[in-house]
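Below: the structure, in structure tokens.
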Amino acid sequence: MSVIDNMIQTYKMVYQVEKDYPLEFIVTTDLYHERLKLANTRCDEAIIKASKQELDDCLHLLVMPDEVDPHYYLLLHEDLFDESQQYGHAIAYEYTRLIDYTDIQDKYQVANLRAAQFPDSACFLFLADVRAWYRGFNLFYNLISADKKAVLSSYLCGTVPNYESLLSFDLTSHMTSLAEFYAQALAIGSYVNFDVSLPDYINRHHVHELLGAIHDNIDNLSIFENYETIHAAYTDFIEHKSKAEQPHVHSHSCNHPHHHRDD
């Protein structure tokens with residue numbers, strides 16, 4: 001059994017996945033050209049060519065189905081299979097996205113996920129990001145038997161400061177980064193068996209109800225389990241709570257910034 005097959009088998013056992021998905025794996029040193037081969041329309045081809053630099057820098061990519069081809073393709077760079085075993089995170093991350101996108105494809109009968117438009121897409125995309133990052137990191141830590149102290153240290157000394165500039169002020173403009181950060185916090189908490197604390201730059205926002213709803217439902221098998229609760233919290237944060245607590249910054253003669261909230 002290949003490491004890819006073994007990883008999928010482990011994933012399906014851990015997350016109780018019984019369904020088989022139309023997924024083909026492509027291991028390559030050139031994600032751009034492999035993605036270009038899978039283009040079925042001139043529009044898709046133009047988008048890929050415009051994204052060449054991004055694809056050249058990418059190590060993994062899930063290619064969605066369209067009207068011509070109902071299959072999913074997971075492109076994996078060969079570098080993922082070195083001694084770091086990063087393939088474990090990449091496969092778990094993308095397989096989670098495949099499962100969740102298949103669910104929304106079935107729910108709204110969307111044939112072309114490469115150019116899909118569907119209701120509540122903002123909330124779905126946010127939650128799908130959290131689930132993918134969470135399962136990706138969670139399985140990866142277990143795959144490599146990561147040292148728990150090292151994982152906590154990486155969170156406190158790496159992850160927390162790395163996201164501060166993005167998540168200190170307008171969260172609504174950085175929901176993808178919030179999803180990525182919070183998923184890592186949840187995965188680390190799951191791995192070390194206690195919830196890690198969130199930094200002050202997130203705690204000062206009125207986002208606790210949304211994060212609490214995600215925390216309580218992160219291990220749901222389906223993305224649509226208790227989705228209404230999460231969607232309500234997401235909408236409330238975006239439309240109301242985020243606007244009620246925008247922090248602002250002013251400077252004075254001591255030449256350093258001070259942060260304030262309007263209560």
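We label chains A, B, ... in the order they appear in the structure tokens, count residues from 1 in each chain, and number ligands from 1 in the order shown.
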* Would you mind listing what lies within 8 Å of Ala128 in chain A as number ranges by chain, with only C-alpha atoms counted and same-chain residues fewer than 6 positions away left out? => A: 97, 100, 223
* Where in range 79-159 of chain A does DSSP assign helix (DSSP H, G or I), given as a ChimeraX atom specification? -> /A:79-81,87-108,113-115,121-143,148-159
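Within range 2-201 of chain A, DSSP applied to the backbone places the following residues in strand (DSSP E): A:Leu23, A:Glu24, A:Phe25, A:Ile26, A:Val27, A:Thr28, A:His60, A:Leu61, A:Leu62, A:Val63, A:Tyr72, A:Tyr73, A:Leu74, A:Leu75, A:Leu76, A:His77.
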* Asked: Counting only C-alpha atoms, what is within 10 Å of Phe237 in chain A, bar same-chain residues fewer than 6 positions away, as a PyMOL selection string?
  -> chain A and resi 171-172+205-210+231+243-244
* To do: May I ask which of the residues A:Leu36, A:Phe81, A:Leu156, A:Tyr163 is the closest one to Ser2 in chain A, counting only C-alpha atoms?
  => A:Phe81
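Near Thr235 in chain A, within a cut-off of 10 Å and counting only C-alpha atoms, sit the residues Asp120, Ala122, Cys123, Leu210, Ile230, His231, Ala232, Ile238, Glu239, His240 and Lys241 of chain A, with same-chain residues fewer than 3 positions away left out.
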* **Surrounding residues of Pro70 in chain A excluding itself and chain neighbours under 2 positions, 9 Å, only C-alpha atoms, as a list in words** => Pro22, Met64, Pro65, Asp66, Glu67, Val68, Tyr72, Ala111 and Asn112 of chain A
* To do: Tell me, in Å to one decimal, how far CA of Tyr93 in chain A is from CA of Asn162 in chain A.
  =>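 It comes out at 20.7 Å.
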* Atom pair CA of Glu228 in chain A / CA of Gln117 in chain A: separation (Å) -> 19.2 Å
* Asked: Looking at only C-alpha atoms, which of A:Val63, A:Glu78, A:Ser242, A:Cys58 is the one that sits closest to Ser173 in chain A?
  ->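 Among the listed residues, A:Ser242 lies closest to Ser173 in chain A.
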* Given only C-alpha atoms as the counted atoms, nearest of A:Tyr15, A:Tyr191, A:Phe126, A:Tyr73 to Glu94 in chain A ->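 Ranking A:Tyr15, A:Tyr191, A:Phe126, A:Tyr73 by distance to Glu94 in chain A, first place goes to A:Tyr73.
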* Asked: Hey, which of A:His89, A:His215, A:Lys148, A:Lys107 ends up closest to Ala132 in chain A? Count only C-alpha atoms.
  ->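 Answer, going by the shortest atom-to-atom distance: A:His89.
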* **Contact residues around Ile202 in chain A with only C-alpha atoms at 10 Å, ignoring same-chain residues under 6 positions, as a list in words** =>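 The residues that qualify are Val160, Tyr163, Glu164, Leu167, Ser168, Phe169, Leu171, Leu178, Tyr182 and His208 of chain A.
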Keeping only N, CA, C and O atoms, write the selected residues to a file as a PDB file, in the first residue's frame.
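This is the output file result37.pdb:
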```pdb
ATOM      1  N   VAL A 160       1.119  32.688  16.835  1.00  0.00           N
ATOM      2  CA  VAL A 160       0.496  33.877  17.439  1.00  0.00           C
ATOM      3  C   VAL A 160       1.113  35.173  16.916  1.00  0.00           C
ATOM      4  O   VAL A 160       0.387  36.054  16.421  1.00  0.00           O
ATOM      5  N   TYR A 163       0.389  36.057  12.988  1.00  0.00           N
ATOM      6  CA  TYR A 163      -0.932  36.502  12.529  1.00  0.00           C
ATOM      7  C   TYR A 163      -1.356  37.840  13.127  1.00  0.00           C
ATOM      8  O   TYR A 163      -2.423  38.345  12.805  1.00  0.00           O
ATOM      9  N   GLU A 164      -0.543  38.416  13.978  1.00  0.00           N
ATOM     10  CA  GLU A 164      -0.970  39.623  14.697  1.00  0.00           C
ATOM     11  C   GLU A 164      -1.289  40.781  13.760  1.00  0.00           C
ATOM     12  O   GLU A 164      -2.308  41.470  13.930  1.00  0.00           O
ATOM     13  N   LEU A 167      -4.748  40.092  12.026  1.00  0.00           N
ATOM     14  CA  LEU A 167      -5.964  39.870  12.813  1.00  0.00           C
ATOM     15  C   LEU A 167      -6.158  40.863  13.953  1.00  0.00           C
ATOM     16  O   LEU A 167      -7.055  40.690  14.773  1.00  0.00           O
ATOM     17  N   SER A 168      -5.377  41.916  13.984  1.00  0.00           N
ATOM     18  CA  SER A 168      -5.503  42.879  15.078  1.00  0.00           C
ATOM     19  C   SER A 168      -6.690  43.822  14.898  1.00  0.00           C
ATOM     20  O   SER A 168      -7.290  44.253  15.878  1.00  0.00           O
ATOM     21  N   PHE A 169      -7.023  44.149  13.656  1.00  0.00           N
ATOM     22  CA  PHE A 169      -8.018  45.200  13.457  1.00  0.00           C
ATOM     23  C   PHE A 169      -9.257  44.679  12.727  1.00  0.00           C
ATOM     24  O   PHE A 169     -10.112  44.088  13.360  1.00  0.00           O
ATOM     25  N   LEU A 171     -11.216  42.176  11.212  1.00  0.00           N
ATOM     26  CA  LEU A 171     -11.259  40.737  10.958  1.00  0.00           C
ATOM     27  C   LEU A 171     -12.051  40.401   9.706  1.00  0.00           C
ATOM     28  O   LEU A 171     -11.750  39.423   9.021  1.00  0.00           O
ATOM     29  N   LEU A 178      -8.246  34.293   9.657  1.00  0.00           N
ATOM     30  CA  LEU A 178      -8.848  33.921  10.939  1.00  0.00           C
ATOM     31  C   LEU A 178      -9.169  32.432  10.961  1.00  0.00           C
ATOM     32  O   LEU A 178      -8.918  31.748  11.967  1.00  0.00           O
ATOM     33  N   TYR A 182      -7.437  30.004  13.679  1.00  0.00           N
ATOM     34  CA  TYR A 182      -8.251  29.343  14.698  1.00  0.00           C
ATOM     35  C   TYR A 182      -8.227  27.831  14.524  1.00  0.00           C
ATOM     36  O   TYR A 182      -8.243  27.081  15.522  1.00  0.00           O
ATOM     37  N   HIS A 208     -16.342  35.999  19.752  1.00  0.00           N
ATOM     38  CA  HIS A 208     -16.356  34.811  20.615  1.00  0.00           C
ATOM     39  C   HIS A 208     -17.522  33.873  20.323  1.00  0.00           C
ATOM     40  O   HIS A 208     -17.373  32.649  20.400  1.00  0.00           O
TER      41      HIS A 208
END
```
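Here CA of His33 in chain A and CA of Leu74 in chain A stand 13.6 Å from one another.
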